[in-house]
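Student: For reference, the structure I am asking about is given below.
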Number of protein chains: 2
Amino acid sequence: MFSSTSEYALRAVVHLASNPDKPCTTGEIAEAMKVPAGYLSKVLQSLARAGIVSAQRGPTGGFTLDRHADRISVLDVINAVDPIERITKCPIDLPEHAANLCPLHARLDEAIALVQTALGASTIAEMIEKRRGMTTRPVAPTIGRRPIRPTSARPAEAPKRGRKPAR
Amino acid sequence: MFSSTSEYALRAVVHLASNPDKPCTTGEIAEAMKVPAGYLSKVLQSLARAGIVSAQRGPTGGFTLDRHADRISVLDVINAVDPIERITKCPIDLPEHAANLCPLHARLDEAIALVQTALGASTIAEMIEKRRGMTTRPVAPTIGRRPIRPTSARPAEAPKRGRKPAR
DNA sequence: CGAATAGTGGATTTCTGTATCTACAACTGT
DNA sequence: ACAGTTGTAGATACAGAAATCCACTATTCG
């Protein structure tokens, strides 16, 4: 659902938010957050270009957050490295679908919008666990639709259609 | 956000739902829905193994839906070919995170849950456009969180840090 | 100034999802 | 039974993401 690039970027930003007093080096973040060090530097560069972190070279250098963690949303970080794409036009290249989205893609886009909204309203500051009680409050009751149930329950195992040798 | 495999599977199922009277061949679906024919056959096999469609070989053969379109959710189709994975344990392999999800991954999982709920409650039947008015009703008001706004607006273009030749 | 530290950017490799091809098995209608 | 049609399955090719490597530039500190 989320790319590992996004995952790494989030871990890095959370780490920086947890250590606001000193610049953190790529190696330090990599080790603390279990991210491949070589790749992390690329990810941090993307975050720097997006204005989320700042880099400082040389000894005592490293990365710091550009603004306070409560002003950075989870969505900001994800969009910096691996933007969430909304569906604005029907990927089926048919004349009928040119103008509006068909119901299918409209629905898929709604799902993406839900994710955008949820992650856009979640700040990095909220993601810092206080190492005490893991304050995971439940969220978003549900949306206004009842689940459907298939007539036949999903077969636990594949039907396994027989394969006789030859008649 | 959604893989092209999922996209293809959904198109195929929507096509079958739109033509419930006769089996549709792979080639027919491929052409109608602009899906690469060779790949579609693999996707249809996955759908068959998941019990969503049935295959019939030989002349007059093709694929048909296993159950009525209003008993198949969009989520069913996606899960058949490219399952949506919930985050059940923290991917950061640290002792502290072993037991519960950290706030970060708890939040990401909530976002995934929203998608599951939304797509699980949407039937394929609802995705068939009646070729009239594209009945896309708006959905899911929003969830209970206000968006945050960064102190500094996201820079429109990358900061473009200077690159002088050599002093 | 010079040495050590740290980020930068390009080339390269690996891996996985996407897509094609082909030989084969199953089915229908004659 | 035969011929033609259609799905099945395995091997293979391709592309983009993930990850690594290395030479280079910038910065700090003695």
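Following the order of the structure tokens, chains are lettered A, B, ..., residues in each are numbered from 1, and ligands are numbered from 1.
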Do you know which residues are at most 6 Å from range 68-81 of chain B counting only C-alpha atoms (C1' of nucleotides), after dropping those on the same chain fewer than 5 positions away, and could you put them as a ChimeraX atom specification?
Tutor: /A:150 /B:6,17,46-47,50,119-120,122-125
Student: Residues of chain A within 9 Å of chain C: nearest atom pair and distance (Å, one decimal) for each, counting only C-alpha atoms (C1' of nucleotides), sorted by chain and number, as CSV?
Tutor:
residue,atom,partner,partner_atom,distance
A:Thr25,CA,C:DA6,C1',7.5
A:Thr26,CA,C:DA6,C1',8.6
A:Ser41,CA,C:DG7,C1',8.1
A:Gln45,CA,C:DT8,C1',8.4
A:Ala55,CA,C:DG7,C1',7.1
A:Gln56,CA,C:DG7,C1',7.4
A:Arg57,CA,C:DA6,C1',5.1
A:Gly58,CA,C:DA6,C1',4.7
A:Pro59,CA,C:DT5,C1',4.4
A:Thr60,CA,C:DT5,C1',7.8
A:Gly61,CA,C:DA6,C1',6.2
A:Gly62,CA,C:DA6,C1',6.9
Student: With only C-alpha atoms (C1' of nucleotides) considered, list every residue of chain D at most 6 Å from chain A, as a PDB file with N, CA and C atoms (P, O5', C5', C4', C3', O3' and C1' of nucleotides), in the first residue's frame.
Tutor:
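Output (selection.pdb):
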ATOM      1  P    DA D  19      14.743  -1.394  -0.332  1.00  0.00           P
ATOM      2  O5'  DA D  19      16.270  -1.296  -0.742  1.00  0.00           O
ATOM      3  C5'  DA D  19      16.886  -2.446  -1.312  1.00  0.00           C
ATOM      4  C4'  DA D  19      18.273  -2.106  -1.785  1.00  0.00           C
ATOM      5  C3'  DA D  19      19.172  -1.365  -0.790  1.00  0.00           C
ATOM      6  O3'  DA D  19      20.168  -2.267  -0.349  1.00  0.00           O
ATOM      7  C1'  DA D  19      19.465  -0.610  -3.026  1.00  0.00           C
ATOM      8  P    DT D  27      29.444  24.988   2.451  1.00  0.00           P
ATOM      9  O5'  DT D  27      30.033  24.491   3.835  1.00  0.00           O
ATOM     10  C5'  DT D  27      29.286  23.524   4.577  1.00  0.00           C
ATOM     11  C4'  DT D  27      30.149  22.958   5.678  1.00  0.00           C
ATOM     12  C3'  DT D  27      30.809  24.011   6.568  1.00  0.00           C
ATOM     13  O3'  DT D  27      30.208  23.909   7.847  1.00  0.00           O
ATOM     14  C1'  DT D  27      32.271  22.205   6.044  1.00  0.00           C
ATOM     15  P    DT D  28      30.493  25.041   9.011  1.00  0.00           P
ATOM     16  O5'  DT D  28      31.464  24.235   9.981  1.00  0.00           O
ATOM     17  C5'  DT D  28      31.037  22.977  10.501  1.00  0.00           C
ATOM     18  C4'  DT D  28      32.217  22.277  11.136  1.00  0.00           C
ATOM     19  C3'  DT D  28      32.964  23.118  12.167  1.00  0.00           C
ATOM     20  O3'  DT D  28      32.955  22.414  13.402  1.00  0.00           O
ATOM     21  C1'  DT D  28      34.470  22.098  10.626  1.00  0.00           C
TER      22       DT D  28
END
Student: When distances are computed from only C-alpha atoms, which of A:Met1, A:Ser54, A:Asp109, A:Ala12 shows the smallest separation from chain B?
Tutor: A:Met1
